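What follows is the content of data.txt, which has compact mmCIF, C-alpha atoms:
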```txt
# COMPACT_ATOMS: atom_id res chain seq x y z
CA MET I 1 0.00 0.00 0.00
CA SER I 2 1.08 3.57 -0.69
CA LYS I 3 2.03 5.79 2.19
CA LEU I 4 -0.48 8.43 3.21
CA ILE I 5 1.00 11.90 3.64
CA ILE I 6 -0.81 15.03 4.80
CA LEU I 7 0.60 18.13 3.14
CA ALA I 8 0.16 21.56 4.71
CA TYR I 9 -0.90 23.10 1.40
CA SER I 10 -1.10 26.83 0.69
CA GLY I 11 -1.54 26.62 -3.06
CA GLY I 12 1.65 28.59 -3.61
CA LEU I 13 4.55 27.56 -5.81
CA ASP I 14 6.43 25.57 -3.17
CA THR I 15 3.60 23.36 -1.98
CA SER I 16 2.28 22.99 -5.53
CA ALA I 17 5.64 21.49 -6.56
CA ILE I 18 5.83 19.41 -3.40
CA LEU I 19 2.54 17.64 -4.11
CA PRO I 20 3.58 15.72 -7.27
CA TRP I 21 7.12 15.32 -5.90
CA LEU I 22 5.76 13.47 -2.85
CA LYS I 23 3.69 11.17 -5.05
CA GLU I 24 6.72 10.27 -7.15
CA GLU I 25 9.54 10.20 -4.65
CA MET I 26 7.62 8.74 -1.72
CA ASP I 27 5.17 6.60 -3.69
CA ALA I 28 2.48 8.24 -1.59
CA ASP I 29 -1.12 9.26 -1.59
CA VAL I 30 -1.22 12.93 -0.65
CA VAL I 31 -4.05 14.73 1.12
CA ALA I 32 -3.74 18.51 0.76
CA TYR I 33 -4.84 20.51 3.78
CA CYS I 34 -5.53 24.24 3.63
CA CYS I 35 -7.21 26.55 6.11
CA ASP I 36 -8.37 30.14 5.87
CA VAL I 37 -6.91 32.24 8.70
CA GLY I 38 -7.78 35.50 7.00
CA ASN I 39 -5.30 35.17 4.15
CA LEU I 40 -8.20 35.06 1.67
CA PRO I 41 -7.48 31.81 -0.17
CA ASP I 42 -9.87 30.88 -2.96
CA GLN I 43 -11.19 27.49 -1.91
CA HIS I 44 -12.37 26.41 -5.35
CA VAL I 45 -9.16 27.46 -7.11
CA LEU I 46 -7.01 25.69 -4.52
CA GLU I 47 -9.06 22.50 -4.60
CA LYS I 48 -8.97 22.38 -8.40
CA ARG I 49 -5.22 22.97 -8.52
CA ALA I 50 -4.42 20.40 -5.84
CA LEU I 51 -6.49 17.69 -7.49
CA GLU I 52 -4.91 18.41 -10.88
CA LEU I 53 -1.46 18.14 -9.26
CA GLY I 54 -2.36 14.70 -7.97
CA ALA I 55 -3.86 15.10 -4.52
CA SER I 56 -6.16 12.23 -3.63
CA ARG I 57 -8.23 14.58 -1.49
CA VAL I 58 -8.36 18.25 -0.46
CA VAL I 59 -9.48 19.41 2.98
CA PHE I 60 -10.31 23.11 3.33
CA GLU I 61 -11.43 24.76 6.57
CA ASP I 62 -12.54 28.28 7.44
CA MET I 63 -10.72 28.90 10.72
CA LYS I 64 -10.90 32.70 10.96
CA ASP I 65 -13.05 32.82 14.11
CA VAL I 66 -11.02 30.07 15.79
CA PHE I 67 -7.84 31.91 14.89
CA ALA I 68 -9.03 35.20 16.38
CA ARG I 69 -10.74 33.72 19.46
CA ASP I 70 -8.30 31.01 20.52
CA TYR I 71 -4.97 32.37 19.32
CA VAL I 72 -4.91 36.12 18.60
CA TYR I 73 -7.04 37.25 21.55
CA PRO I 74 -5.17 35.21 24.20
CA LEU I 75 -1.94 36.63 22.75
CA ILE I 76 -3.31 40.16 23.18
CA ARG I 77 -4.65 39.39 26.66
CA ALA I 78 -1.10 38.42 27.62
CA GLY I 79 0.37 41.53 25.99
CA ALA I 80 2.98 39.31 24.36
CA THR I 81 5.43 40.67 21.80
CA TYR I 82 8.84 39.75 20.40
CA HIS I 83 11.64 42.34 20.33
CA GLU I 84 9.04 44.73 21.79
CA ASP I 85 7.59 45.84 18.42
CA TYR I 86 6.66 42.57 16.70
CA LEU I 87 3.10 41.56 17.58
CA LEU I 88 3.72 37.97 16.40
CA GLY I 89 1.28 38.00 13.50
CA THR I 90 2.95 35.23 11.49
CA ALA I 91 4.09 33.23 14.50
CA ILE I 92 0.61 33.00 16.04
CA ALA I 93 -0.97 31.50 12.88
CA ARG I 94 1.43 28.58 12.61
CA PRO I 95 0.30 26.62 15.69
CA LEU I 96 -3.32 26.62 14.50
CA ILE I 97 -2.35 25.30 11.07
CA ALA I 98 -0.08 22.70 12.68
CA GLU I 99 -2.79 21.61 15.08
CA ARG I 100 -5.38 21.13 12.33
CA VAL I 101 -2.90 19.16 10.21
CA ALA I 102 -2.07 16.92 13.18
CA ILE I 103 -5.75 16.27 13.91
CA LEU I 104 -6.40 15.38 10.27
CA ALA I 105 -3.33 13.14 10.08
CA LYS I 106 -4.39 11.17 13.14
CA SER I 107 -7.99 10.84 12.00
CA LEU I 108 -6.91 9.46 8.60
CA GLY I 109 -4.15 7.25 9.98
CA ALA I 110 -1.47 9.05 8.00
CA ASP I 111 2.13 7.89 7.88
CA ALA I 112 3.70 11.34 7.68
CA ILE I 113 3.19 15.09 7.50
CA ALA I 114 4.86 17.37 4.96
CA HIS I 115 5.39 21.14 4.75
CA GLY I 116 6.90 23.65 2.34
CA ALA I 117 8.97 25.77 4.72
CA THR I 118 12.55 26.48 3.70
CA GLY I 119 15.69 25.86 5.74
CA LYS I 120 16.48 29.51 6.52
CA GLY I 121 13.25 30.61 8.17
CA ASN I 122 11.31 30.18 11.37
CA ASP I 123 8.30 28.29 10.00
CA GLN I 124 10.04 24.91 9.67
CA ILE I 125 10.85 25.11 13.38
CA ARG I 126 7.36 26.24 14.37
CA PHE I 127 5.62 23.51 12.40
CA GLU I 128 7.91 20.70 13.43
CA ARG I 129 8.01 21.63 17.12
CA ALA I 130 4.21 21.66 17.15
CA TRP I 131 3.99 18.26 15.46
CA ALA I 132 6.62 16.80 17.78
CA TYR I 133 4.30 17.70 20.67
CA LEU I 134 0.94 16.92 19.05
CA ALA I 135 1.81 13.88 16.93
CA PRO I 136 5.19 12.53 18.03
CA GLU I 137 4.52 9.19 16.38
CA LEU I 138 4.41 10.73 12.88
CA SER I 139 7.42 11.48 10.73
CA VAL I 140 7.82 14.89 9.09
CA ILE I 141 8.95 15.45 5.51
CA ALA I 142 10.55 18.77 4.59
CA PRO I 143 11.24 18.62 0.81
CA TRP I 144 13.40 21.77 0.81
CA ARG I 145 15.83 19.79 2.95
CA LYS I 146 15.68 16.73 0.68
CA TRP I 147 15.27 17.56 -2.99
CA ASN I 148 17.85 18.91 -5.42
CA PHE I 149 15.95 22.01 -6.49
CA LYS I 150 17.81 25.22 -5.65
CA SER I 151 15.40 27.99 -6.57
CA ARG I 152 11.84 28.96 -7.36
CA THR I 153 12.82 28.96 -11.04
CA ASP I 154 13.67 25.27 -10.68
CA LEU I 155 10.20 24.62 -9.25
CA VAL I 156 8.45 26.42 -12.10
CA LYS I 157 10.43 24.37 -14.64
CA TYR I 158 9.68 21.14 -12.75
CA LEU I 159 5.95 21.85 -12.90
CA ALA I 160 6.10 22.99 -16.52
CA ASP I 161 7.82 19.72 -17.50
CA LYS I 162 4.82 17.92 -16.03
CA GLY I 163 2.40 20.05 -18.00
CA PHE I 164 1.48 22.51 -15.27
CA ASP I 165 1.90 26.18 -16.07
CA PHE I 166 2.24 27.92 -12.76
CA ASP I 167 1.04 31.48 -13.19
CA CYS I 168 3.23 33.34 -10.73
CA GLU I 169 6.08 35.77 -10.56
CA VAL I 170 9.17 33.63 -10.14
CA ASN I 171 11.17 36.35 -8.42
CA PRO I 172 8.60 38.39 -6.52
CA LYS I 173 9.77 41.71 -5.15
CA TYR I 174 8.99 40.67 -1.58
CA SER I 175 8.16 37.59 0.44
CA VAL I 176 4.67 38.25 1.81
CA ASP I 177 2.75 36.56 4.61
CA ALA I 178 -0.79 37.65 5.43
CA ASN I 179 -3.59 36.63 7.76
CA LEU I 180 -6.31 38.23 9.85
CA MET I 181 -3.75 39.48 12.36
CA HIS I 182 -1.22 41.09 10.05
CA ARG I 183 0.64 41.34 6.78
CA SER I 184 4.43 41.12 6.54
CA CYS I 185 6.94 41.87 3.79
CA GLU I 186 10.52 40.62 3.71
CA GLY I 187 13.26 40.29 1.10
CA GLY I 188 14.00 42.36 -1.97
CA GLU I 189 15.14 45.92 -1.33
CA LEU I 190 14.20 45.51 2.35
CA GLU I 191 17.33 43.42 2.82
CA ASP I 192 19.47 46.53 2.24
CA LEU I 193 19.19 48.55 5.45
CA GLY I 194 20.73 51.55 3.73
CA VAL I 195 17.95 51.89 1.17
CA CYS I 196 14.64 53.66 1.76
CA TYR I 197 11.92 51.26 0.68
CA ASP I 198 9.01 52.13 -1.59
CA LYS I 199 6.01 52.40 0.74
CA SER I 200 3.53 52.16 -2.13
CA SER I 201 4.85 48.73 -3.11
CA VAL I 202 5.13 47.38 0.44
CA LEU I 203 2.11 48.60 2.39
CA GLU I 204 -1.33 47.21 1.69
CA MET I 205 -3.32 47.15 4.93
CA VAL I 206 -2.21 50.51 6.34
CA LYS I 207 -2.44 53.90 4.66
CA ALA I 208 0.94 55.58 5.04
CA ASN I 209 0.19 59.16 4.03
CA ILE I 210 -2.41 60.34 6.54
CA GLN I 211 -3.75 63.85 6.29
CA SER I 212 -4.98 65.65 9.40
CA GLY I 213 -8.59 64.63 9.92
CA THR I 214 -11.46 64.78 12.34
CA GLY I 215 -10.67 61.44 13.97
CA GLN I 216 -12.61 58.23 14.46
CA GLY I 217 -13.97 56.91 17.73
CA VAL I 218 -13.48 53.34 18.87
CA ASP I 219 -15.13 51.89 21.99
CA ILE I 220 -14.00 48.38 22.93
CA LEU I 221 -15.53 46.29 25.71
CA PHE I 222 -13.28 43.68 27.26
CA GLU I 223 -14.54 40.73 29.26
CA GLN I 224 -11.79 38.98 31.23
CA GLY I 225 -9.21 40.48 28.92
CA ILE I 226 -10.92 39.44 25.67
CA PRO I 227 -12.53 42.02 23.32
CA VAL I 228 -16.21 41.24 22.80
CA THR I 229 -17.89 44.39 21.47
CA LEU I 230 -16.85 47.22 19.17
CA ASN I 231 -18.78 50.48 19.44
CA GLU I 232 -21.40 48.66 21.50
CA GLU I 233 -21.96 46.01 18.82
CA ARG I 234 -21.27 42.41 19.80
CA MET I 235 -19.41 40.79 16.95
CA SER I 236 -17.74 37.50 16.14
CA PRO I 237 -14.02 37.44 16.98
CA ALA I 238 -12.97 37.52 13.33
CA ALA I 239 -15.45 40.26 12.39
CA LEU I 240 -14.30 42.48 15.28
CA LEU I 241 -10.64 42.11 14.35
CA GLU I 242 -11.37 42.68 10.67
CA ARG I 243 -13.30 45.87 11.44
CA LEU I 244 -10.44 47.16 13.58
CA ASN I 245 -8.06 46.35 10.73
CA GLN I 246 -10.12 48.58 8.48
CA ILE I 247 -10.30 51.42 11.01
CA GLY I 248 -6.64 51.24 11.96
CA GLY I 249 -5.46 50.83 8.39
CA ALA I 250 -7.42 53.82 7.15
CA ASN I 251 -5.93 55.94 9.92
CA GLY I 252 -2.29 54.92 9.59
CA ILE I 253 -2.08 52.67 12.66
CA GLY I 254 0.11 49.59 12.95
CA ILE I 255 3.28 49.85 10.83
CA ALA I 256 6.44 48.35 12.34
CA ASP I 257 9.87 48.31 10.66
CA LEU I 258 11.82 45.70 12.57
CA VAL I 259 15.15 43.91 12.37
CA GLU I 260 14.57 40.72 14.31
CA GLU I 261 16.76 37.76 15.13
CA ARG I 262 15.26 34.52 13.93
CA ILE I 263 15.35 31.36 16.00
CA ASN I 264 18.36 30.13 14.01
CA GLY I 265 20.35 33.31 14.73
CA ILE I 266 19.90 35.00 11.35
CA LYS I 267 18.88 38.65 11.58
CA SER I 268 16.18 39.68 9.11
CA ARG I 269 14.32 42.87 8.36
CA GLY I 270 10.55 42.91 7.97
CA ILE I 271 7.83 45.51 7.50
CA TYR I 272 4.77 44.51 9.50
CA GLU I 273 1.25 45.89 9.19
CA THR I 274 -0.88 45.07 12.22
CA PRO I 275 -3.60 47.75 12.43
CA GLY I 276 -6.31 45.95 14.43
CA GLY I 277 -3.84 44.14 16.65
CA THR I 278 -2.05 47.40 17.47
CA ILE I 279 -5.33 49.02 18.55
CA LEU I 280 -6.21 46.04 20.74
CA HIS I 281 -2.77 45.93 22.36
CA TYR I 282 -3.00 49.63 23.19
CA ALA I 283 -6.53 49.37 24.55
CA SER I 284 -5.76 46.24 26.57
CA ARG I 285 -2.68 47.85 28.11
CA SER I 286 -4.75 50.91 29.03
CA LEU I 287 -7.29 48.74 30.83
CA LYS I 288 -4.58 46.86 32.72
CA GLN I 289 -3.26 50.17 34.05
CA ILE I 290 -6.45 50.79 36.00
CA CYS I 291 -7.40 47.22 36.90
CA TRP I 292 -4.09 45.68 37.94
CA SER I 293 -1.91 46.52 40.93
CA ARG I 294 1.71 47.48 40.33
CA ASP I 295 2.89 44.05 41.45
CA LEU I 296 0.54 42.23 39.09
CA LEU I 297 1.31 44.56 36.21
CA GLN I 298 5.08 44.28 36.63
CA LEU I 299 4.94 40.49 36.99
CA SER I 300 2.70 40.22 33.92
CA LEU I 301 5.12 42.27 31.84
CA ARG I 302 7.90 39.81 32.65
CA VAL I 303 5.71 36.78 32.03
CA ALA I 304 4.44 38.29 28.75
CA GLN I 305 8.00 38.56 27.44
CA THR I 306 8.53 34.84 28.03
CA TYR I 307 5.12 34.08 26.52
CA GLY I 308 6.07 36.03 23.39
CA GLU I 309 9.40 34.23 23.06
CA LEU I 310 7.66 30.85 23.36
CA VAL I 311 5.22 31.77 20.59
CA TYR I 312 7.98 33.10 18.36
CA ASP I 313 10.10 29.98 18.94
CA GLY I 314 7.30 27.62 17.95
CA LEU I 315 6.35 26.52 21.45
CA TRP I 316 2.69 27.49 21.56
CA HIS I 317 2.02 23.78 21.98
CA SER I 318 4.14 23.23 25.08
CA ASP I 319 3.70 22.75 28.81
CA ALA I 320 5.41 26.09 29.40
CA ARG I 321 3.05 28.15 27.24
CA GLU I 322 -0.01 26.35 28.58
CA ALA I 323 1.11 27.08 32.15
CA LEU I 324 1.58 30.76 31.31
CA GLU I 325 -1.88 30.78 29.71
CA ALA I 326 -3.35 29.62 33.00
CA TYR I 327 -1.61 32.54 34.69
CA PHE I 328 -3.10 35.10 32.30
CA ILE I 329 -6.58 33.57 32.52
CA ARG I 330 -6.45 34.05 36.28
CA ALA I 331 -4.89 37.51 36.06
CA ALA I 332 -7.57 38.63 33.59
CA ASN I 333 -10.43 37.99 36.03
CA SER I 334 -10.48 41.74 36.71
CA LEU I 335 -9.90 42.87 33.10
CA ASN I 336 -13.48 43.89 32.45
CA GLY I 337 -14.41 47.28 31.12
CA HIS I 338 -14.59 49.81 28.31
CA VAL I 339 -11.72 51.59 26.60
CA GLU I 340 -12.79 54.43 24.32
CA LEU I 341 -10.20 55.74 21.87
CA GLU I 342 -9.99 58.47 19.28
CA ILE I 343 -7.84 57.57 16.30
CA ILE I 344 -6.61 60.54 14.32
CA SER I 345 -3.69 61.25 11.98
CA GLY I 346 -1.85 58.04 12.78
CA GLN I 347 -2.15 58.37 16.56
CA MET I 348 -4.37 56.90 19.27
CA PHE I 349 -5.74 58.96 22.15
CA ILE I 350 -7.63 57.62 25.15
CA LYS I 351 -10.96 59.37 25.63
CA LYS I 352 -12.39 57.25 28.43
CA ARG I 353 -11.71 54.03 30.28
CA SER I 354 -13.85 52.45 32.92
CA SER I 355 -14.10 49.18 34.79
CA PRO I 356 -16.11 47.76 37.69
CA HIS I 357 -12.74 46.51 38.97
CA THR I 358 -10.80 49.76 38.65
CA LEU I 359 -8.21 50.52 41.33
CA TYR I 360 -8.12 54.16 40.32
CA ASP I 361 -9.67 56.62 42.80
CA LYS I 362 -9.77 60.21 41.61
CA ASP I 363 -10.55 61.46 45.14
CA LEU I 364 -7.50 59.69 46.52
CA VAL I 365 -5.13 61.09 43.91
CA SER I 366 -6.61 64.61 43.86
CA PHE I 367 -4.42 67.59 44.80
CA GLU I 368 -7.52 69.34 46.13
CA ASP I 369 -8.44 66.99 48.97
CA ASP I 370 -6.52 64.84 51.42
CA ILE I 371 -9.25 62.48 52.55
CA PHE I 372 -6.91 60.16 54.47
CA ASP I 373 -4.56 62.88 55.76
CA ILE I 374 -1.84 61.30 53.64
CA ASN I 375 0.43 64.34 53.74
CA LYS I 376 0.89 64.09 57.50
CA SER I 377 1.04 60.31 57.48
CA ALA I 378 3.86 60.44 54.93
CA ASP I 379 6.37 61.42 57.63
CA GLY I 380 6.28 58.02 59.32
CA TYR I 381 6.06 56.20 55.99
CA LEU I 382 9.18 57.95 54.64
CA ASN I 383 11.09 57.39 57.88
CA ILE I 384 10.56 53.64 57.59
CA LEU I 385 11.00 53.57 53.80
CA ASN I 386 14.33 55.41 54.01
CA LEU I 387 15.72 53.43 56.93
CA SER I 388 17.95 51.16 54.85
CA GLN I 389 19.01 54.06 52.60
CA ARG I 390 19.99 56.14 55.62
CA ARG I 391 22.02 53.30 57.14
CA ALA I 392 23.82 52.77 53.81
CA GLY I 393 24.50 56.49 53.47
CA LEU I 394 25.95 56.70 57.00
CA ALA I 395 28.18 53.69 56.35
CA ILE I 396 29.55 55.23 53.14
CA ALA I 397 30.15 58.58 54.89
CA SER I 398 32.03 56.76 57.65
CA GLN I 399 34.23 54.98 55.13
CA LYS I 400 35.05 58.25 53.39
CA ASN I 401 35.93 59.91 56.69
CA ASP I 402 38.22 57.00 57.64
CA GLY I 403 39.90 57.21 54.24
CA GLN I 404 40.46 60.94 54.51
CA ALA I 405 41.92 60.55 58.01
CA GLN I 406 44.34 57.90 56.79
CA ASP I 407 45.40 60.13 53.86
CA GLY I 408 46.01 62.99 56.27
CA GLN I 409 48.20 60.85 58.52
CA ALA I 410 50.21 59.65 55.55
CA GLY I 411 50.71 63.23 54.35
CA SER I 412 51.91 64.49 57.73
CA GLY I 413 54.69 61.90 57.78
```
Please, can you express the file's structure as structure tokens?
Amino acid sequence: MSKLIILAYSGGLDTSAILPWLKEEMDADVVAYCCDVGNLPDQHVLEKRALELGASRVVFEDMKDVFARDYVYPLIRAGATYHEDYLLGTAIARPLIAERVAILAKSLGADAIAHGATGKGNDQIRFERAWAYLAPELSVIAPWRKWNFKSRTDLVKYLADKGFDFDCEVNPKYSVDANLMHRSCEGGELEDLGVCYDKSSVLEMVKANIQSGTGQGVDILFEQGIPVTLNEERMSPAALLERLNQIGGANGIGIADLVEERINGIKSRGIYETPGGTILHYASRSLKQICWSRDLLQLSLRVAQTYGELVYDGLWHSDAREALEAYFIRAANSLNGHVELEIISGQMFIKKRSSPHTLYDKDLVSFEDDIFDINKSADGYLNILNLSQRRAGLAIASQKNDGQAQDGQAGSG
């Protein structure tokens, strides 16, 4: 019997070439799996192409709501980033794709899983680490690490020799990844850090040249750290994120120009467009400022950094990330409330924020009233607070005095 291989299939050049290659080289039946995470694949076109290339079956799933609800929103609840500015748009989509492929492979009794990631990037690591955790019994086939093809031109010729004309630009200007969370561009002129890139050819989600305008209001309701309504309208997770993408993009929100260090140590430069995610991160952080104590906020910032690194490194499916998720679920018990923003000329301004769990007390902080007689009480508080500082200062002064006395004695001799 032929082997059964599940191919994570995007319909692009790489996975289109991989499909017939697997059939020939591995003597395998190949099931092509593709899911929509907001990258707008055409289901009918992909199914037709995969079957023509030799797939025995095509499985297509619309996973946009699952992606937003179970992956993007927990990421935002945690406040996780990588290198501070990267909101992990590509990294957060890979574990969902990997999980669905693993589930399908197990249900069909597959012998192996295959993917089209190259040897230089992060995706091979993210996919294979996920499958090692979710389906350790299955082998993984990475054709870019096995076949003799060296370039995309080789793949186009390989397909053409088999009678398939692949209508694509062999040397695209940029390498693009897109989903509901973001759009990224790498390669081409972006690899030269001394060259100013052409914004019109790179940016698609976000409008770069914003004229001064009247502004647009955004009111987001969070329930336990998860956004649930936009401008008082309860929406599906994907619809809410898509609407924020439109609002943020039209108002110049969410462009990041980042040189990041990949998992394998290679530094790469990417232009990221994350309009809706940037708005949600800002609003979530604003709510945390009023609902969380300093200790909880500071601890969460440290934990969020580790969370972001785990996601970037392909460890969404790991005991460590799942343990951190439990932390943020508990911490978000008090993250309930509204954040109202005004977005204007590429900037976000907070208009209002409110929560039934707010720790902010305007009477307590007011310069006009001293309801607890804090000014007078501060004497005792500062005396205790400065005790260790005072002892350290006296010790240092004593050491200096001893040193000066010894210098004086040496000079008199």
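Minimum distance to Leu134 (chain I) across I:Lys120, I:Arg269, I:Lys207, I:Lys106 (counting all atoms listed in the file) occurs at I:Lys106.
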- Would you list the residues near (4.8, 25.0, 8.6) (no more than 7 Å away, in the coordinates of the file, using all atoms listed in the file) as a VMD selection string? chain I and resid 8 94 98 115 to 117 123 to 124 126 to 127
Could you make a table, as JSON lines, of the residues of region 77-190 of chain I that have an atom within 8 Å of an atom of region 278-286 of chain I, each with its nearest atom pair and distance in Å to one decimal, counting all atoms listed in the file, in chain and number order?
```
{"residue": "I:Arg77", "atom": "CA", "partner": "I:Ser284", "partner_atom": "CA", "distance": 6.9}
{"residue": "I:Gly79", "atom": "CA", "partner": "I:His281", "partner_atom": "CA", "distance": 6.5}
{"residue": "I:Leu87", "atom": "CA", "partner": "I:Thr278", "partner_atom": "CA", "distance": 7.8}
```
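Minimum atom-to-atom distance to Glu260 (chain I), evaluated using only C-alpha atoms, belongs to I:Tyr272 out of I:Tyr272, I:Ile103, I:Glu242, I:Leu96.
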- Message: One decimal, in Å: what's the spacing between CA of Lys352 (chain I) and CA of Val303 (chain I)?
- Response: 27.6 Å
- In Å, how far is it from CA of Asp62 (chain I) to CA of Asn336 (chain I)? 29.5 Å
- If you measure from CA of Ser318 (chain I) to CA of Lys146 (chain I), what distance in Å do you get, rounded to one decimal? 27.8 Å
- Nearest to Leu180 (chain I) among I:Phe222, I:Tyr71, I:Trp144, I:Tyr82, with distances taken over only C-alpha atoms: which residue is it? I:Tyr71
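Minimum atom-to-atom distance to Ile263 (chain I), evaluated using all atoms listed in the file, belongs to I:Ile125 out of I:Leu19, I:Leu341, I:Ile125, I:Ala160.
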